[in-house]
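Dropping query_17.cif in here (mmCIF, C-alpha atoms):
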data_structure
loop_
_atom_site.label_atom_id
_atom_site.label_comp_id
_atom_site.auth_asym_id
_atom_site.auth_seq_id
_atom_site.Cartn_x
_atom_site.Cartn_y
_atom_site.Cartn_z
CA MET A 1 107.52 96.06 87.25
CA PRO A 2 106.41 97.49 83.90
CA GLU A 3 103.28 95.64 82.79
CA LEU A 4 101.20 95.56 79.61
CA PRO A 5 99.97 99.21 79.70
CA GLU A 6 103.43 100.70 80.31
CA VAL A 7 105.13 98.44 77.77
CA GLU A 8 102.41 99.28 75.23
CA ALA A 9 103.07 102.99 75.85
CA LEU A 10 106.82 102.42 75.47
CA LYS A 11 106.12 100.63 72.19
CA ASP A 12 104.18 103.65 70.90
CA PHE A 13 106.87 106.06 72.14
CA LEU A 14 109.69 104.08 70.51
CA THR A 15 107.73 103.67 67.28
CA GLU A 16 107.62 107.46 67.05
CA HIS A 17 111.26 108.02 68.02
CA LEU A 18 113.09 104.98 66.59
CA VAL A 19 111.42 103.79 63.40
CA GLY A 20 113.34 104.93 60.34
CA HIS A 21 116.50 105.65 62.32
CA GLU A 22 119.76 103.73 62.35
CA LEU A 23 121.18 102.00 65.40
CA VAL A 24 124.80 103.05 65.06
CA ARG A 25 126.02 101.63 68.38
CA VAL A 26 124.61 99.25 71.00
CA LEU A 27 126.88 98.94 74.03
CA PRO A 28 126.33 96.48 76.88
CA VAL A 29 127.49 97.94 80.18
CA ALA A 30 126.42 95.02 82.37
CA ILE A 31 127.29 91.71 80.73
CA SER A 32 124.49 90.01 82.71
CA VAL A 33 121.92 91.74 80.48
CA LEU A 34 122.83 89.67 77.39
CA LYS A 35 120.95 86.38 77.12
CA THR A 36 121.99 85.38 73.57
CA TYR A 37 125.28 85.39 71.67
CA ASP A 38 124.37 84.29 68.13
CA PRO A 39 123.63 86.58 66.35
CA PRO A 40 125.92 88.90 68.32
CA LEU A 41 124.63 92.18 69.72
CA GLY A 42 126.59 94.03 67.02
CA ALA A 43 124.38 92.45 64.34
CA VAL A 44 121.79 95.20 64.87
CA GLU A 45 124.35 98.00 64.48
CA GLY A 46 124.24 99.90 61.20
CA ARG A 47 120.63 98.86 60.60
CA ARG A 48 117.45 100.93 60.53
CA VAL A 49 114.65 100.17 62.95
CA THR A 50 111.61 99.23 60.88
CA ALA A 51 109.03 98.50 63.59
CA VAL A 52 108.53 98.13 67.34
CA HIS A 53 106.36 95.31 68.66
CA ARG A 54 105.06 94.28 72.07
CA TYR A 55 104.73 90.65 73.15
CA GLY A 56 103.22 90.59 76.65
CA LYS A 57 105.81 92.51 78.68
CA PHE A 58 108.53 92.12 76.02
CA LEU A 59 109.58 94.87 73.57
CA ALA A 60 111.02 93.91 70.19
CA LEU A 61 112.78 96.24 67.74
CA ALA A 62 112.76 94.89 64.17
CA THR A 63 115.70 95.96 61.99
CA ASP A 64 115.94 96.29 58.23
CA GLY A 65 117.16 92.96 56.88
CA GLY A 66 118.57 91.96 60.24
CA PRO A 67 117.69 90.42 63.58
CA HIS A 68 115.34 91.67 66.28
CA PHE A 69 116.53 93.41 69.43
CA VAL A 70 114.26 92.11 72.21
CA THR A 71 114.20 93.25 75.82
CA HIS A 72 112.29 92.40 78.99
CA LEU A 73 112.57 95.07 81.69
CA ALA A 74 111.89 92.57 84.49
CA ARG A 75 111.05 93.83 87.95
CA ALA A 76 113.34 96.84 88.34
CA GLY A 77 114.36 97.71 84.79
CA TRP A 78 113.44 100.77 82.78
CA LEU A 79 114.07 102.48 79.45
CA HIS A 80 115.28 106.09 79.52
CA TRP A 81 115.09 108.09 76.30
CA LYS A 82 117.66 110.83 75.70
CA ASP A 83 117.41 113.39 72.91
CA ARG A 84 121.19 113.69 73.20
CA LEU A 85 123.26 110.90 74.66
CA PRO A 86 126.32 111.79 76.77
CA ASP A 87 129.61 112.00 74.91
CA GLY A 88 132.09 109.19 75.36
CA LEU A 89 131.64 105.54 76.22
CA PRO A 90 129.75 104.51 79.36
CA ARG A 91 131.90 102.90 82.04
CA PRO A 92 131.02 99.53 83.51
CA GLY A 93 130.52 99.76 87.24
CA LYS A 94 128.10 99.38 90.09
CA GLY A 95 125.53 101.84 88.75
CA PRO A 96 122.14 100.97 87.26
CA LEU A 97 123.12 101.41 83.58
CA ALA A 98 122.91 98.07 81.76
CA LEU A 99 122.95 98.99 78.06
CA ARG A 100 123.11 102.07 75.83
CA ALA A 101 121.78 102.30 72.26
CA ALA A 102 122.70 105.27 70.05
CA LEU A 103 121.09 106.51 66.83
CA GLU A 104 122.69 108.37 63.95
CA THR A 105 121.03 111.55 65.23
CA GLY A 106 122.89 111.48 68.56
CA ALA A 107 119.71 110.50 70.39
CA GLY A 108 119.15 107.09 71.93
CA PHE A 109 118.12 105.19 75.01
CA ASP A 110 119.58 103.63 78.13
CA LEU A 111 118.36 100.45 79.76
CA THR A 112 118.81 100.58 83.53
CA GLU A 113 118.09 98.25 86.40
CA ALA A 114 117.92 99.17 90.06
CA GLY A 115 118.76 96.81 92.91
CA THR A 116 120.99 93.78 93.16
CA GLN A 117 118.80 91.19 91.42
CA LYS A 118 119.86 91.57 87.80
CA ARG A 119 116.99 90.17 85.74
CA LEU A 120 116.75 92.72 82.92
CA ALA A 121 117.23 90.76 79.69
CA VAL A 122 118.29 91.53 76.11
CA TYR A 123 118.09 89.04 73.25
CA VAL A 124 119.21 89.34 69.63
CA VAL A 125 117.25 86.83 67.56
CA GLN A 126 116.04 86.32 64.01
CA ASP A 127 112.49 85.74 65.22
CA PRO A 128 111.11 87.07 68.55
CA HIS A 129 109.43 83.70 69.15
CA GLU A 130 112.92 82.23 69.62
CA VAL A 131 112.92 83.95 73.02
CA PRO A 132 111.62 81.33 75.49
CA GLY A 133 109.53 83.84 77.42
CA ILE A 134 107.74 84.94 74.25
CA ALA A 135 107.28 81.41 72.95
CA ARG A 136 105.32 80.42 76.06
CA LEU A 137 103.08 83.50 76.23
CA GLY A 138 99.34 83.08 76.40
CA PRO A 139 96.98 85.29 74.38
CA ASP A 140 97.09 89.07 74.65
CA PRO A 141 94.06 90.26 76.66
CA LEU A 142 93.68 93.36 74.47
CA ALA A 143 93.68 91.44 71.19
CA ALA A 144 90.55 91.81 69.06
CA ASP A 145 89.79 88.09 69.28
CA PHE A 146 90.15 87.91 73.06
CA ASP A 147 86.50 87.70 74.06
CA GLU A 148 84.63 86.42 77.10
CA ALA A 149 84.42 82.92 75.66
CA ARG A 150 88.20 82.88 75.23
CA LEU A 151 88.73 83.81 78.87
CA ALA A 152 86.24 81.17 80.01
CA ALA A 153 88.03 78.53 77.94
CA LEU A 154 91.40 79.52 79.43
CA LEU A 155 90.09 79.20 82.97
CA THR A 156 88.31 75.90 82.36
CA GLY A 157 90.21 73.17 84.16
CA GLU A 158 92.38 75.60 86.11
CA ARG A 159 92.50 74.83 89.81
CA ARG A 160 94.21 77.73 91.52
CA GLN A 161 93.54 81.17 92.92
CA LEU A 162 92.49 84.03 90.64
CA LYS A 163 95.48 86.20 91.55
CA GLY A 164 97.93 83.53 90.42
CA ALA A 165 95.98 82.74 87.26
CA LEU A 166 95.95 86.39 86.13
CA ARG A 167 99.71 86.70 86.71
CA ASP A 168 100.57 83.53 84.78
CA GLN A 169 102.12 84.72 81.50
CA SER A 170 101.48 81.37 79.83
CA LEU A 171 97.76 81.80 80.51
CA ILE A 172 97.29 85.54 79.80
CA ALA A 173 100.14 87.73 78.55
CA GLY A 174 101.11 91.02 80.12
CA VAL A 175 99.31 91.18 83.49
CA GLY A 176 101.52 91.39 86.58
CA ASN A 177 101.21 92.00 90.29
CA ALA A 178 99.83 95.54 90.15
CA TYR A 179 97.18 95.19 87.47
CA SER A 180 95.97 91.83 88.77
CA ASP A 181 95.13 93.64 92.03
CA GLU A 182 93.36 96.38 90.06
CA ILE A 183 91.40 93.91 87.90
CA LEU A 184 90.21 91.90 90.89
CA HIS A 185 89.15 95.05 92.72
CA ALA A 186 87.18 96.21 89.68
CA ALA A 187 85.61 92.73 89.40
CA ARG A 188 84.79 92.71 93.15
CA MET A 189 86.50 89.36 93.65
CA SER A 190 88.88 87.98 96.24
CA PRO A 191 92.43 87.35 95.01
CA PHE A 192 92.20 83.93 96.69
CA LYS A 193 88.96 82.92 94.96
CA PRO A 194 89.44 79.55 93.19
CA THR A 195 89.15 79.74 89.40
CA SER A 196 87.12 76.54 89.47
CA SER A 197 84.36 78.25 91.47
CA LEU A 198 83.62 80.99 88.91
CA THR A 199 80.05 81.16 87.68
CA PRO A 200 79.29 82.37 84.13
CA GLU A 201 78.19 85.71 85.60
CA GLU A 202 81.46 86.05 87.52
CA THR A 203 83.50 85.13 84.45
CA GLY A 204 81.72 87.89 82.55
CA ARG A 205 82.45 90.34 85.35
CA LEU A 206 86.10 89.33 85.41
CA TYR A 207 86.37 89.70 81.63
CA GLU A 208 84.86 93.19 81.73
CA ALA A 209 87.20 94.24 84.55
CA LEU A 210 90.22 92.80 82.72
CA ARG A 211 89.54 94.60 79.45
CA THR A 212 88.39 97.87 81.03
CA THR A 213 91.24 98.13 83.53
CA LEU A 214 93.94 97.49 80.93
CA THR A 215 92.33 99.63 78.22
CA GLU A 216 91.96 102.60 80.57
CA ALA A 217 95.55 102.23 81.77
CA VAL A 218 96.82 102.16 78.17
CA GLU A 219 94.82 105.29 77.37
CA ARG A 220 96.21 107.10 80.41
CA SER A 221 99.75 106.15 79.39
CA ARG A 222 99.40 106.96 75.70
CA GLY A 223 101.38 110.07 74.75
CA VAL A 224 103.19 110.18 78.12
CA ALA A 225 106.97 110.54 77.80
CA ALA A 226 108.93 107.43 78.71
CA GLY A 227 110.41 109.08 81.80
CA ARG A 228 106.98 109.81 83.30
CA LEU A 229 105.30 106.45 82.74
CA LYS A 230 106.14 105.09 86.19
CA ALA A 231 104.50 108.05 87.90
CA GLU A 232 101.49 107.78 85.59
CA LYS A 233 101.07 104.11 86.46
CA LYS A 234 101.17 104.78 90.21
CA SER A 235 98.72 107.67 90.01
CA GLY A 236 96.14 105.51 88.23
CA LEU A 237 96.18 102.58 90.68
CA ARG A 238 93.21 102.36 93.05
CA VAL A 239 94.30 99.62 95.46
CA HIS A 240 97.75 98.29 94.54
CA GLY A 241 100.45 99.91 96.65
CA ARG A 242 97.86 101.80 98.71
CA THR A 243 97.79 99.80 101.95
CA GLY A 244 96.11 101.78 104.73
CA GLU A 245 94.44 104.25 102.40
CA PRO A 246 90.66 104.46 101.90
CA CYS A 247 89.15 102.49 99.05
CA PRO A 248 88.03 104.97 96.36
CA VAL A 249 84.81 102.98 95.87
CA CYS A 250 83.52 102.29 99.40
CA GLY A 251 85.88 104.07 101.78
CA ASP A 252 87.01 100.95 103.65
CA THR A 253 90.71 100.66 104.49
CA ILE A 254 92.81 98.87 101.87
CA HIS A 255 94.47 95.74 103.29
CA GLU A 256 97.61 93.87 102.31
CA VAL A 257 98.79 90.27 102.19
CA SER A 258 102.58 89.89 102.13
CA PHE A 259 104.64 87.12 100.57
CA SER A 260 108.40 86.55 100.54
CA ASP A 261 109.08 88.78 97.54
CA ARG A 262 105.87 90.68 96.86
CA SER A 263 102.54 91.73 98.31
CA LEU A 264 98.96 92.15 97.17
CA GLN A 265 96.41 94.77 98.13
CA TYR A 266 92.62 94.49 98.23
CA CYS A 267 89.48 96.06 99.74
CA PRO A 268 87.66 93.76 102.21
CA THR A 269 84.27 95.42 101.65
CA CYS A 270 84.46 95.33 97.85
CA GLN A 271 86.15 91.96 97.45
CA THR A 272 85.90 89.61 100.42
CA GLY A 273 82.54 90.32 102.07
CA GLY A 274 84.20 92.48 104.72
CA ARG A 275 86.52 89.71 105.91
CA PRO A 276 90.28 90.42 106.06
CA LEU A 277 92.43 87.79 104.40
CA ALA A 278 95.09 86.03 106.44
CA ASP A 279 98.54 87.55 106.02
CA ARG A 280 100.70 84.44 106.11
CA ARG A 281 104.00 86.24 106.64
CA LEU A 282 102.63 88.30 109.53
CA SER A 283 101.07 85.18 111.06
CA ARG A 284 104.45 83.42 111.07
CA LEU A 285 106.11 86.42 112.74
CA LEU A 286 103.51 86.43 115.53
CA LYS A 287 103.97 82.76 116.41
#

Take the structure I supplied and represent it as structure tokens, if you would.
Amino acid sequence: MPELPEVEALKDFLTEHLVGHELVRVLPVAISVLKTYDPPLGAVEGRRVTAVHRYGKFLALATDGGPHFVTHLARAGWLHWKDRLPDGLPRPGKGPLALRAALETGAGFDLTEAGTQKRLAVYVVQDPHEVPGIARLGPDPLAADFDEARLAALLTGERRQLKGALRDQSLIAGVGNAYSDEILHAARMSPFKPTSSLTPEETGRLYEALRTTLTEAVERSRGVAAGRLKAEKKSGLRVHGRTGEPCPVCGDTIHEVSFSDRSLQYCPTCQTGGRPLADRRLSRLLK
């Protein structure tokens, strides 16, 4: 799933390639992608893109005198830029193409989604905060006013595990499964550590890991073409998706805990005092 650093890089890329250009045609190929109907999708056609904004994991294209085109790439969606779009109209079918947007220059982008769970979303709204997912977002962890005291205040009263708290978009915007693993590894904390048990020193460590991990990921992604951002993300991850590999910090083997639809990775030596965490799904299979 694209998370804050990749969406921030896409925002920068689209600012360079879209702003000042006219959206001459926006064609939905998979009807499931459209989540609003008023204004219609065609309301952005014939309008210049004036700015590109990021809200958590959402991208929003502002148009001159018109509505915003907002998208969330969900778990398996992606944006593919093309300097020259194919001739002719795209055909609806079983392929990954969900939507195509064309500029007056002949360039444009495709939104695609792999797999069978169609969660990629497009909204056309007068104000991005009309999108429910944006309206409920917590603060952006890279905002100038997001300091250690702000993080401490957000976690005060929370009674859950750190992994879940970091992934909660209503608490902190933009962090998903991959970067929550990376942040907790950098902070040397168990993903199952209760938020209520954090000491002031641990909160400071978590804050530093949060800001540093995301800032470094954004810097790695900056200037990377849209088509190479996925590979850039994977190459920069130290523990997420690296089960069985050596930890780059201590050399211990990276472990995994599996859930029904996702998994987390961690280093026992760096994060859990050398103790492996129980893998609930594996435990059920062994019964």

With only C-alpha atoms counted and 6 Å as the cut-off, give the residues of stretch 192-284 of chain A in contact with stretch 156-177 of chain A, each with its shortest interatomic distance in Å and the pair that gives it, as JSON lines.
{"residue": "A:Phe192", "atom": "CA", "partner": "A:Gln161", "partner_atom": "CA", "distance": 4.9}
{"residue": "A:Lys193", "atom": "CA", "partner": "A:Gln161", "partner_atom": "CA", "distance": 5.3}
{"residue": "A:Pro194", "atom": "CA", "partner": "A:Gln161", "partner_atom": "CA", "distance": 4.4}
{"residue": "A:Thr195", "atom": "CA", "partner": "A:Leu162", "partner_atom": "CA", "distance": 5.6}
{"residue": "A:Ser196", "atom": "CA", "partner": "A:Arg159", "partner_atom": "CA", "distance": 5.7}

- Write out as a PyMOL selection string each polymer residue whose atoms come within 8 Å of stretch 46-61 of chain A, counting only C-alpha atoms; drop sequence neighbours fewer than 2 positions from it. chain A and resi 2-4+7-8+11-12+14-15+18-25+44+63-66+68-73+128+134+137+140+169+173-175

- Could you state the separation of atom CA of A:Leu10 and atom CA of A:Arg205 in Å, given to one decimal place?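 Value for the atom CA of A:Leu10-atom CA of A:Arg205 distance: 28.9 Å.
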
Please, which residues in stretch 98-190 of chain A fall within 12 Å of stretch 82-94 of chain A when counting only C-alpha atoms, and what is the closest atom pair and distance in Å to one decimal for each, ordered by chain then residue number, as JSON lines?
{"residue": "A:Ala98", "atom": "CA", "partner": "A:Pro92", "partner_atom": "CA", "distance": 8.4}
{"residue": "A:Leu99", "atom": "CA", "partner": "A:Pro90", "partner_atom": "CA", "distance": 8.9}
{"residue": "A:Arg100", "atom": "CA", "partner": "A:Pro90", "partner_atom": "CA", "distance": 7.9}
{"residue": "A:Ala101", "atom": "CA", "partner": "A:Leu85", "partner_atom": "CA", "distance": 9.1}
{"residue": "A:Ala102", "atom": "CA", "partner": "A:Leu85", "partner_atom": "CA", "distance": 7.3}
{"residue": "A:Leu103", "atom": "CA", "partner": "A:Leu85", "partner_atom": "CA", "distance": 9.2}
{"residue": "A:Glu104", "atom": "CA", "partner": "A:Arg84", "partner_atom": "CA", "distance": 10.8}
{"residue": "A:Thr105", "atom": "CA", "partner": "A:Arg84", "partner_atom": "CA", "distance": 8.3}
{"residue": "A:Gly106", "atom": "CA", "partner": "A:Arg84", "partner_atom": "CA", "distance": 5.4}
{"residue": "A:Ala107", "atom": "CA", "partner": "A:Asp83", "partner_atom": "CA", "distance": 4.5}
{"residue": "A:Gly108", "atom": "CA", "partner": "A:Lys82", "partner_atom": "CA", "distance": 5.5}
{"residue": "A:Phe109", "atom": "CA", "partner": "A:Lys82", "partner_atom": "CA", "distance": 5.7}
{"residue": "A:Asp110", "atom": "CA", "partner": "A:Lys82", "partner_atom": "CA", "distance": 7.8}
{"residue": "A:Leu111", "atom": "CA", "partner": "A:Lys82", "partner_atom": "CA", "distance": 11.2}
{"residue": "A:Thr112", "atom": "CA", "partner": "A:Lys94", "partner_atom": "CA", "distance": 11.4}
{"residue": "A:Glu113", "atom": "CA", "partner": "A:Lys94", "partner_atom": "CA", "distance": 10.7}
{"residue": "A:Ala114", "atom": "CA", "partner": "A:Lys94", "partner_atom": "CA", "distance": 10.2}
{"residue": "A:Gly115", "atom": "CA", "partner": "A:Lys94", "partner_atom": "CA", "distance": 10.1}
{"residue": "A:Thr116", "atom": "CA", "partner": "A:Lys94", "partner_atom": "CA", "distance": 9.6}
{"residue": "A:Lys118", "atom": "CA", "partner": "A:Lys94", "partner_atom": "CA", "distance": 11.6}

- Separation of atom CA of A:Glu256 and atom CA of A:Asp181, in Å? 10.6 Å

I'd like a table as CSV: residues in stretch 130-219 of chain A with an atom no more than 9 Å from stretch 232-240 of chain A, each row giving the shortest atom pair and its distance in Å to one decimal, all atoms listed in the file counted, sorted by chain and rising residue number.
residue,atom,partner,partner_atom,distance
A:Asn177,CA,A:His240,CA,8.3
A:Ala178,CA,A:His240,CA,5.6
A:Tyr179,CA,A:His240,CA,7.7
A:Ser180,CA,A:His240,CA,8.8
A:Asp181,CA,A:His240,CA,5.9
A:Glu182,CA,A:Val239,CA,6.4
A:His185,CA,A:Val239,CA,7.4
A:Ala217,CA,A:Gly236,CA,7.3

Can you write out the residues you just picked, keeping C-alpha atoms, as a PDB file, in the coordinates of the input?
ATOM      1  CA  ASN A 177     101.210  92.000  90.290  1.00  0.00           C
ATOM      2  CA  ALA A 178      99.830  95.540  90.150  1.00  0.00           C
ATOM      3  CA  TYR A 179      97.180  95.190  87.470  1.00  0.00           C
ATOM      4  CA  SER A 180      95.970  91.830  88.770  1.00  0.00           C
ATOM      5  CA  ASP A 181      95.130  93.640  92.030  1.00  0.00           C
ATOM      6  CA  GLU A 182      93.360  96.380  90.060  1.00  0.00           C
ATOM      7  CA  HIS A 185      89.150  95.050  92.720  1.00  0.00           C
ATOM      8  CA  ALA A 217      95.550 102.230  81.770  1.00  0.00           C
TER       9      ALA A 217
END

Listed atoms of stretch 155-172 of chain A boxed axis-aligned with 5 Å per side, centre + edges as AutoDock Vina command-line options:
--center_x 95.2 --center_y 79.9 --center_z 86.4 --size_x 23.8 --size_y 23.5 --size_z 23.1

- Task: Compare A:Ala149, A:Val29, A:Met1, A:Met189 by their minimum atom-to-atom distance to A:Lys230, counting all atoms listed in the file, and give me the closest one.
- Result: A:Met1

- Message: Which residue is closest to A:Ala187? Choose from A:Phe259, A:Tyr37, A:Trp78, A:Tyr207 and count only C-alpha atoms.
- Response: A:Tyr207

- Item | atom CA of A:Cys270 to atom CA of A:Cys250, distance in Å rounded to a single decimal | 7.2 Å

- Can you work out which one of A:Pro67, A:Gly95, A:Pro268, A:Pro5 has the shortest atom-to-atom distance to A:Asp127, counting all atoms listed in the file?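 Using all atoms listed in the file, the shortest distance to A:Asp127 belongs to A:Pro67.
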